[in-house]
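S.K.: Next comes model39.json, JSON, C-alpha atoms:
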[["chain", "number", "residue", "atom", "x", "y", "z"],
["A", 1, "MET", "CA", 84.76, 141.26, 203.82],
["A", 2, "ARG", "CA", 83.34, 140.86, 207.30],
["A", 3, "ILE", "CA", 83.84, 142.95, 210.41],
["A", 4, "PHE", "CA", 83.93, 139.90, 212.66],
["A", 5, "LYS", "CA", 83.45, 136.18, 212.41],
["A", 6, "ALA", "CA", 83.24, 136.03, 216.18],
["A", 7, "LEU", "CA", 83.69, 138.45, 219.05],
["A", 8, "THR", "CA", 85.73, 137.43, 222.07],
["A", 9, "MET", "CA", 85.68, 140.53, 224.25],
["A", 10, "THR", "CA", 88.59, 139.50, 226.46],
["A", 11, "SER", "CA", 90.92, 139.05, 223.47],
["A", 12, "LEU", "CA", 90.23, 142.38, 221.74],
["A", 13, "ASP", "CA", 91.84, 145.79, 221.87],
["A", 14, "GLY", "CA", 88.45, 147.46, 222.29],
["A", 15, "ASP", "CA", 89.46, 150.96, 221.23],
["A", 16, "ALA", "CA", 91.25, 149.75, 218.11],
["A", 17, "VAL", "CA", 88.36, 147.52, 217.07],
["A", 18, "VAL", "CA", 85.81, 150.32, 217.46],
["A", 19, "ARG", "CA", 87.99, 152.76, 215.51],
["A", 20, "GLU", "CA", 88.37, 150.31, 212.63],
["A", 21, "ALA", "CA", 84.66, 149.44, 212.56],
["A", 22, "ARG", "CA", 83.69, 153.12, 212.58],
["A", 23, "SER", "CA", 85.98, 153.76, 209.64],
["A", 24, "LEU", "CA", 84.82, 150.76, 207.62],
["A", 25, "ILE", "CA", 81.10, 151.32, 208.04],
["A", 26, "ALA", "CA", 81.35, 155.11, 207.62],
["A", 27, "LYS", "CA", 82.81, 154.59, 204.14],
["A", 28, "LYS", "CA", 79.51, 153.00, 203.14],
["A", 29, "LEU", "CA", 77.38, 155.98, 204.17],
["A", 30, "ASP", "CA", 76.49, 158.80, 201.79],
["A", 31, "GLN", "CA", 75.05, 161.22, 204.36],
["A", 32, "PRO", "CA", 77.70, 163.20, 206.32],
["A", 33, "ALA", "CA", 75.36, 163.53, 209.30],
["A", 34, "ARG", "CA", 74.95, 159.76, 209.53],
["A", 35, "ARG", "CA", 78.72, 159.32, 209.37],
["A", 36, "ALA", "CA", 79.11, 161.84, 212.20],
["A", 37, "PHE", "CA", 76.40, 160.12, 214.21],
["A", 38, "LEU", "CA", 78.13, 156.75, 213.81],
["A", 39, "GLN", "CA", 81.51, 158.14, 214.84],
["A", 40, "ARG", "CA", 80.03, 159.38, 218.12],
["A", 41, "SER", "CA", 77.63, 156.55, 218.90],
["A", 42, "LEU", "CA", 79.39, 153.30, 218.02],
["A", 43, "THR", "CA", 80.80, 151.61, 221.11],
["A", 44, "LEU", "CA", 82.32, 148.20, 221.80],
["A", 45, "GLY", "CA", 78.99, 147.13, 223.29],
["A", 46, "GLY", "CA", 77.18, 148.20, 220.13],
["A", 47, "LEU", "CA", 79.87, 146.57, 218.04],
["A", 48, "SER", "CA", 79.14, 143.22, 219.67],
["A", 49, "LEU", "CA", 75.83, 143.30, 217.77],
["A", 50, "LEU", "CA", 77.63, 143.18, 214.44],
["A", 51, "THR", "CA", 79.05, 139.66, 214.55],
["A", 52, "GLY", "CA", 79.16, 138.30, 211.01],
["A", 53, "CYS", "CA", 78.07, 141.56, 209.40],
["A", 54, "SER", "CA", 79.31, 142.05, 205.84],
["A", 55, "ILE", "CA", 80.29, 145.62, 205.04],
["A", 56, "SER", "CA", 80.39, 144.87, 201.32],
["A", 57, "ASP", "CA", 76.60, 144.65, 201.26],
["A", 58, "GLU", "CA", 74.65, 147.92, 201.68],
["A", 59, "SER", "CA", 71.67, 146.09, 203.19],
["A", 60, "HIS", "CA", 73.96, 144.53, 205.80],
["A", 61, "VAL", "CA", 75.34, 147.95, 206.68],
["A", 62, "GLU", "CA", 71.83, 149.37, 207.12],
["A", 63, "ALA", "CA", 70.78, 146.41, 209.27],
["A", 64, "ALA", "CA", 73.93, 146.80, 211.36],
["A", 65, "LEU", "CA", 73.29, 150.51, 211.89],
["A", 66, "MET", "CA", 69.77, 149.77, 213.02],
["A", 67, "LYS", "CA", 71.06, 147.26, 215.57],
["A", 68, "ILE", "CA", 73.60, 149.77, 216.86],
["A", 69, "SER", "CA", 70.93, 152.46, 217.04],
["A", 70, "ARG", "CA", 68.51, 150.33, 219.03],
["A", 71, "PHE", "CA", 71.31, 149.23, 221.38],
["A", 72, "ASN", "CA", 72.20, 152.88, 222.02],
["A", 73, "ASP", "CA", 68.53, 153.72, 222.59],
["A", 74, "LYS", "CA", 68.37, 151.18, 225.42],
["A", 75, "VAL", "CA", 71.62, 152.36, 227.01],
["A", 76, "GLN", "CA", 70.70, 156.05, 226.83],
["A", 77, "GLY", "CA", 67.25, 155.35, 228.22],
["A", 78, "LEU", "CA", 68.75, 153.51, 231.19],
["A", 79, "ILE", "CA", 71.19, 156.27, 232.09],
["A", 80, "PHE", "CA", 68.85, 159.23, 231.43],
["A", 81, "SER", "CA", 68.00, 161.16, 234.59],
["A", 82, "PRO", "CA", 64.59, 162.85, 234.62],
["A", 83, "THR", "CA", 65.84, 165.33, 237.22],
["A", 84, "GLN", "CA", 69.32, 166.25, 235.96],
["A", 85, "LEU", "CA", 69.22, 169.64, 234.27],
["A", 86, "ALA", "CA", 71.06, 170.68, 231.14],
["A", 87, "PRO", "CA", 73.35, 173.73, 231.52],
["A", 88, "THR", "CA", 71.77, 177.18, 231.23],
["A", 89, "TYR", "CA", 73.40, 180.38, 230.02],
["A", 90, "THR", "CA", 73.18, 184.17, 230.26],
["A", 91, "GLU", "CA", 71.61, 186.47, 227.67],
["A", 92, "ALA", "CA", 75.10, 187.69, 226.79],
["A", 93, "GLU", "CA", 75.96, 184.16, 225.65],
["A", 94, "ILE", "CA", 73.07, 183.82, 223.18],
["A", 95, "THR", "CA", 74.19, 182.97, 219.64],
["A", 96, "ARG", "CA", 73.15, 185.80, 217.30],
["A", 97, "PRO", "CA", 71.82, 185.13, 214.81],
["A", 98, "PHE", "CA", 70.60, 181.72, 215.93],
["A", 99, "PRO", "CA", 71.12, 179.32, 212.96],
["A", 100, "PHE", "CA", 68.28, 178.01, 210.84],
["A", 101, "ASN", "CA", 68.25, 174.24, 210.41],
["A", 102, "ALA", "CA", 65.80, 171.85, 208.75],
["A", 103, "PHE", "CA", 65.65, 169.11, 206.13],
["A", 104, "TYR", "CA", 64.84, 171.84, 203.55],
["A", 105, "GLY", "CA", 66.08, 175.33, 202.73],
["A", 106, "GLU", "CA", 65.13, 178.50, 204.61],
["A", 107, "ASP", "CA", 63.22, 179.72, 201.55],
["A", 108, "GLU", "CA", 60.91, 176.72, 202.00],
["A", 109, "VAL", "CA", 59.88, 177.45, 205.61],
["A", 110, "ARG", "CA", 56.20, 176.63, 206.19],
["A", 111, "GLU", "CA", 53.82, 179.49, 206.97],
["A", 112, "VAL", "CA", 51.11, 178.48, 209.46],
["A", 113, "ASP", "CA", 48.00, 180.65, 209.90],
["A", 114, "GLU", "CA", 47.74, 181.69, 213.54],
["A", 115, "ALA", "CA", 44.01, 182.45, 213.30],
["A", 116, "THR", "CA", 43.07, 178.92, 212.26],
["A", 117, "TYR", "CA", 45.79, 177.00, 214.09],
["A", 118, "LYS", "CA", 44.81, 174.35, 216.61],
["A", 119, "LEU", "CA", 46.98, 171.74, 218.32],
["A", 120, "GLU", "CA", 45.38, 168.32, 217.89],
["A", 121, "VAL", "CA", 45.71, 166.03, 220.93],
["A", 122, "THR", "CA", 45.00, 162.29, 220.69],
["A", 123, "GLY", "CA", 45.99, 158.95, 222.12],
["A", 124, "MET", "CA", 46.19, 158.00, 225.80],
["A", 125, "VAL", "CA", 44.85, 161.28, 227.21],
["A", 126, "ALA", "CA", 41.62, 162.14, 229.03],
["A", 127, "ASP", "CA", 41.04, 165.51, 227.29],
["A", 128, "LYS", "CA", 41.28, 165.11, 223.51],
["A", 129, "ARG", "CA", 40.11, 168.58, 222.54],
["A", 130, "SER", "CA", 42.25, 170.77, 220.29],
["A", 131, "TRP", "CA", 44.12, 173.81, 221.62],
["A", 132, "THR", "CA", 44.40, 177.31, 220.16],
["A", 133, "LEU", "CA", 47.53, 179.42, 220.57],
["A", 134, "ALA", "CA", 45.61, 181.81, 222.82],
["A", 135, "GLU", "CA", 44.78, 178.95, 225.19],
["A", 136, "LEU", "CA", 48.39, 177.75, 225.24],
["A", 137, "ARG", "CA", 49.65, 181.28, 225.87],
["A", 138, "ALA", "CA", 47.23, 181.60, 228.80],
["A", 139, "MET", "CA", 48.97, 178.74, 230.64],
["A", 140, "PRO", "CA", 51.95, 179.50, 232.96],
["A", 141, "GLN", "CA", 54.99, 180.37, 230.85],
["A", 142, "HIS", "CA", 58.65, 179.61, 231.53],
["A", 143, "ASP", "CA", 61.89, 180.79, 229.89],
["A", 144, "GLN", "CA", 65.21, 179.03, 229.48],
["A", 145, "ILE", "CA", 68.51, 179.85, 227.79],
["A", 146, "THR", "CA", 69.98, 176.55, 226.68],
["A", 147, "ARG", "CA", 72.26, 175.06, 224.05],
["A", 148, "HIS", "CA", 70.91, 173.42, 220.89],
["A", 149, "ILE", "CA", 73.26, 170.61, 219.80],
["A", 150, "CYS", "CA", 73.05, 169.40, 216.20],
["A", 151, "VAL", "CA", 73.99, 165.88, 215.10],
["A", 152, "GLU", "CA", 76.04, 167.53, 212.33],
["A", 153, "GLY", "CA", 78.51, 168.80, 214.92],
["A", 154, "TRP", "CA", 77.57, 172.44, 215.57],
["A", 155, "SER", "CA", 75.76, 174.03, 218.51],
["A", 156, "ALA", "CA", 74.11, 177.34, 219.37],
["A", 157, "ILE", "CA", 72.63, 178.98, 222.46],
["A", 158, "GLY", "CA", 69.12, 180.43, 222.36],
["A", 159, "LYS", "CA", 66.38, 181.76, 224.63],
["A", 160, "TRP", "CA", 63.13, 179.84, 224.47],
["A", 161, "GLY", "CA", 59.83, 180.42, 226.26],
["A", 162, "GLY", "CA", 56.63, 178.48, 226.61],
["A", 163, "VAL", "CA", 54.66, 175.90, 228.56],
["A", 164, "ARG", "CA", 56.40, 173.16, 230.48],
["A", 165, "PHE", "CA", 55.42, 170.03, 228.62],
["A", 166, "ALA", "CA", 54.98, 168.10, 231.87],
["A", 167, "ASP", "CA", 52.40, 170.67, 233.01],
["A", 168, "PHE", "CA", 50.55, 170.39, 229.71],
["A", 169, "LEU", "CA", 50.53, 166.57, 229.79],
["A", 170, "ARG", "CA", 49.12, 166.55, 233.30],
["A", 171, "HIS", "CA", 46.58, 169.23, 232.39],
["A", 172, "ILE", "CA", 45.16, 167.10, 229.56],
["A", 173, "GLY", "CA", 45.16, 163.97, 231.69],
["A", 174, "ALA", "CA", 47.87, 162.15, 229.74],
["A", 175, "ASP", "CA", 48.75, 158.66, 230.88],
["A", 176, "THR", "CA", 52.29, 159.38, 232.07],
["A", 177, "THR", "CA", 52.99, 155.66, 232.40],
["A", 178, "ALA", "CA", 52.77, 155.38, 228.59],
["A", 179, "LYS", "CA", 56.03, 154.86, 226.71],
["A", 180, "TYR", "CA", 55.96, 157.50, 223.98],
["A", 181, "VAL", "CA", 54.75, 160.91, 222.89],
["A", 182, "GLY", "CA", 54.63, 161.44, 219.12],
["A", 183, "PHE", "CA", 54.47, 164.65, 217.07],
["A", 184, "LYS", "CA", 53.26, 165.53, 213.58],
["A", 185, "CYS", "CA", 54.31, 168.82, 212.02],
["A", 186, "ALA", "CA", 53.04, 171.22, 209.38],
["A", 187, "ASP", "CA", 56.25, 170.74, 207.35],
["A", 188, "ASP", "CA", 55.60, 166.96, 207.15],
["A", 189, "TYR", "CA", 58.26, 166.27, 209.77],
["A", 190, "TYR", "CA", 57.44, 163.80, 212.53],
["A", 191, "THR", "CA", 59.24, 162.39, 215.54],
["A", 192, "SER", "CA", 58.61, 160.90, 218.97],
["A", 193, "ILE", "CA", 60.17, 160.94, 222.43],
["A", 194, "ASP", "CA", 60.20, 158.83, 225.57],
["A", 195, "MET", "CA", 57.88, 159.75, 228.43],
["A", 196, "PRO", "CA", 60.68, 160.49, 230.97],
["A", 197, "THR", "CA", 62.04, 163.15, 228.58],
["A", 198, "ALA", "CA", 58.52, 164.50, 228.02],
["A", 199, "LEU", "CA", 58.22, 165.01, 231.79],
["A", 200, "HIS", "CA", 61.69, 166.56, 232.18],
["A", 201, "PRO", "CA", 61.39, 170.07, 233.71],
["A", 202, "GLN", "CA", 63.30, 171.69, 230.82],
["A", 203, "THR", "CA", 61.14, 170.21, 228.07],
["A", 204, "LEU", "CA", 59.04, 173.11, 226.73],
["A", 205, "LEU", "CA", 56.18, 173.57, 224.31],
["A", 206, "THR", "CA", 57.98, 176.62, 222.94],
["A", 207, "LEU", "CA", 55.90, 179.62, 221.85],
["A", 208, "THR", "CA", 58.54, 182.39, 221.92],
["A", 209, "TYR", "CA", 62.15, 182.95, 220.93],
["A", 210, "ASP", "CA", 64.17, 185.72, 222.57],
["A", 211, "ASP", "CA", 60.98, 187.10, 224.19],
["A", 212, "GLN", "CA", 59.18, 187.43, 220.84],
["A", 213, "PRO", "CA", 56.56, 185.19, 219.20],
["A", 214, "LEU", "CA", 58.33, 182.20, 217.72],
["A", 215, "PRO", "CA", 59.46, 183.16, 214.18],
["A", 216, "PRO", "CA", 58.46, 180.83, 211.31],
["A", 217, "LYS", "CA", 62.09, 179.83, 210.68],
["A", 218, "TYR", "CA", 62.36, 178.60, 214.27],
["A", 219, "GLY", "CA", 59.10, 176.68, 214.20],
["A", 220, "PHE", "CA", 56.01, 178.90, 214.49],
["A", 221, "PRO", "CA", 53.49, 178.32, 215.90],
["A", 222, "MET", "CA", 55.11, 175.87, 218.29],
["A", 223, "LYS", "CA", 58.35, 173.94, 218.72],
["A", 224, "LEU", "CA", 59.20, 171.29, 221.27],
["A", 225, "ARG", "CA", 62.42, 172.40, 222.92],
["A", 226, "MET", "CA", 64.48, 169.76, 224.77],
["A", 227, "PRO", "CA", 68.05, 170.68, 225.77],
["A", 228, "THR", "CA", 68.56, 167.04, 226.77],
["A", 229, "LYS", "CA", 68.10, 165.92, 223.12],
["A", 230, "LEU", "CA", 69.95, 166.43, 219.86],
["A", 231, "GLY", "CA", 68.44, 168.98, 217.50],
["A", 232, "TYR", "CA", 66.62, 166.57, 215.19],
["A", 233, "LYS", "CA", 64.52, 165.41, 218.16],
["A", 234, "ASN", "CA", 63.13, 168.95, 218.62],
["A", 235, "PRO", "CA", 60.19, 169.18, 216.17],
["A", 236, "LYS", "CA", 59.00, 172.52, 214.75],
["A", 237, "HIS", "CA", 55.64, 173.68, 213.38],
["A", 238, "ILE", "CA", 53.85, 171.12, 215.59],
["A", 239, "LYS", "CA", 50.24, 170.54, 214.59],
["A", 240, "ALA", "CA", 49.42, 167.29, 216.43],
["A", 241, "MET", "CA", 50.65, 165.21, 219.34],
["A", 242, "PHE", "CA", 49.66, 161.82, 220.69],
["A", 243, "VAL", "CA", 50.47, 159.61, 223.66],
["A", 244, "THR", "CA", 50.97, 155.93, 222.90],
["A", 245, "ASN", "CA", 52.58, 152.63, 223.83],
["A", 246, "THR", "CA", 53.20, 151.82, 220.17],
["A", 247, "TYR", "CA", 56.64, 152.81, 218.87],
["A", 248, "PRO", "CA", 56.03, 155.82, 216.54],
["A", 249, "GLY", "CA", 59.49, 156.24, 214.96],
["A", 250, "GLY", "CA", 60.46, 159.52, 213.31],
["A", 251, "TYR", "CA", 61.55, 161.18, 210.07],
["A", 252, "TRP", "CA", 65.28, 160.66, 210.63],
["A", 253, "GLU", "CA", 64.92, 157.74, 213.02],
["A", 254, "ASP", "CA", 63.18, 155.69, 210.31],
["A", 255, "GLN", "CA", 66.28, 156.30, 208.17],
["A", 256, "GLY", "CA", 68.59, 154.77, 210.77],
["A", 257, "TYR", "CA", 69.32, 157.58, 213.21],
["A", 258, "ASN", "CA", 69.34, 156.90, 216.93],
["A", 259, "TRP", "CA", 65.78, 157.18, 218.28],
["A", 260, "PHE", "CA", 66.58, 158.30, 221.84],
["A", 261, "GLY", "CA", 68.84, 161.07, 220.53],
["A", 262, "GLY", "CA", 70.25, 162.26, 223.85],
["A", 263, "SER", "CA", 72.69, 165.16, 223.75]]
What does the file become when written as structure tokens?
M.R.:
Amino acid sequence: MRIFKALTMTSLDGDAVVREARSLIAKKLDQPARRAFLQRSLTLGGLSLLTGCSISDESHVEAALMKISRFNDKVQGLIFSPTQLAPTYTEAEITRPFPFNAFYGEDEVREVDEATYKLEVTGMVADKRSWTLAELRAMPQHDQITRHICVEGWSAIGKWGGVRFADFLRHIGADTTAKYVGFKCADDYYTSIDMPTALHPQTLLTLTYDDQPLPPKYGFPMKLRMPTKLGYKNPKHIKAMFVTNTYPGGYWEDQGYNWFGGS
């Protein structure tokens, strides 16, 4: 069975075609989060990439999802505004308790030693020295109360504090014309973001949660907090970052999730 043999946009009921394609491809996916992602992200424009795709073949489905994902990356990148702010909230609106979320259970949260921790900085930056938590805490700090939106369909509001990532990038002499910033984490997670998002005023190198040192379950010693991105784009337990023009991928992105991940 094939989704299309040919696509003639003027002859299609776009909404009906997208609904049917979402349903057909979603039946082939085992992971609920990937099904949810597809339901939200597949558009008629993305569907035009699937001409001749067989949904009876798992490899065809995976290739189709990757095409859709890359199409959505380009569209989201084009419409992203580096100056438009995500909504902020009051302390009374904070979700308590703020949910734990990771690709492992809460009993498997990584414990990082504060005394020996250093943030490794590499790539297209002038200052490649490593940073201690004390040095990061000595930089100007900023707070924000914003909503975390998970690809699985839930959201929660939390208060985060730390260093504006744009300030840190400029302080280390990062090449802000580079395409990507990548992150490696103590829990073996990894991801990467686009430079415009890295420079967004609400993107924080988070060191505190609710005015207290960042708890291990929320990413101690440091989490990148971006209210303009879905939750899986916000890495925790960061131990290294790098600036590059080479596409770095990510833990979930390499499994077919949308790389841009805008919320």
S.K.: For CA of His142 (chain A) and CA of Ala198 (chain A), quote the distance in Å rounded to one decimal.
M.R.: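 Computed distance, CA of His142 (chain A) to CA of Ala198 (chain A), equals 15.5 Å.
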S.K.: Any idea what's packed within 12 Å of Thr90 (chain A), counting all atoms listed in the file, ignoring anything in its chain fewer than 6 positions away? Could you give it as a list of chain:residue names?
M.R.: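 The filter keeps A:Asp143, A:Gln144, A:Ile145, A:Thr146, A:Arg147, A:Ile157, A:Gly158, A:Lys159, A:Asp210.
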S.K.: So how far away is CA of Gly123 (chain A) from CA of Thr228 (chain A), in Å?
M.R.: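 Computed distance, CA of Thr228 (chain A) to CA of Gly123 (chain A), equals 24.4 Å.
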S.K.: Would you kindly return, as a list in words, each protein, DNA or RNA residue with an atom no farther than 12 Å from any atom of His200 (chain A), considering all atoms listed in the file and excluding same-chain residues fewer than 4 positions away?
M.R.: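 So the residues in contact are Phe80, Ser81, Pro82, Thr83, Gln84, Leu85, Ala86, Arg164, Phe165, Ala166, Asp167, Leu169, Thr176, Ile193, Asp194, Met195, Pro196, Leu204, Leu205, Arg225, Met226, Pro227, Thr228 and Lys229 of chain A.
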S.K.: Show me, as an NGL selection string, the residues that have an atom within 8 Å of region 231-240 of chain A when counting all atoms listed in the file, minus same-chain residues fewer than 2 positions from it.
M.R.: :A and (110 or 112 or 117-122 or 148-151 or 183-187 or 189-193 or 216 or 218-226 or 229 or 242 or 252 or 261)
S.K.: Please determine, counting all atoms listed in the file, which residue among A:Thr246, A:Thr95, A:Tyr180, A:Pro215 has the shortest atom-to-atom distance to Glu114 (chain A).
M.R.: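 Once distances to Glu114 (chain A) are computed over all atoms listed in the file, the minimum belongs to A:Pro215.
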S.K.: Could you check how far CA of Thr197 (chain A) sits from CA of Tyr251 (chain A), in Å to one decimal?
M.R.: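 These atoms are spaced 18.6 Å apart.
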S.K.: Select, from A:Lys217, A:Asn258, A:Glu93, A:Glu152, the residue with the minimum atom-to-atom distance to Glu106 (chain A), counting only C-alpha atoms.
M.R.: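 The closest residue to Glu106 (chain A) is A:Lys217.
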S.K.: Pick from A:Gly249, A:Pro140, A:Pro87, A:Gly173: nearest to Leu207 (chain A), with all atoms listed in the file counted?
M.R.: A:Pro140
S.K.: Which centre and edge lengths in Å to one decimal define the box along x, y and z that fits every listed atom of region 178-193 of chain A plus 3 Å per side, as lines of an AutoDock Vina configuration file?
M.R.:
center_x = 56.5
center_y = 163.0
center_z = 217.9
size_x = 13.4
size_y = 22.4
size_z = 27.4
S.K.: Calculated over only C-alpha atoms, which of the candidates A:Leu133, A:Asp188, A:Gln212, A:Thr88 has the smallest distance to Ala102 (chain A)?
M.R.: A:Asp188
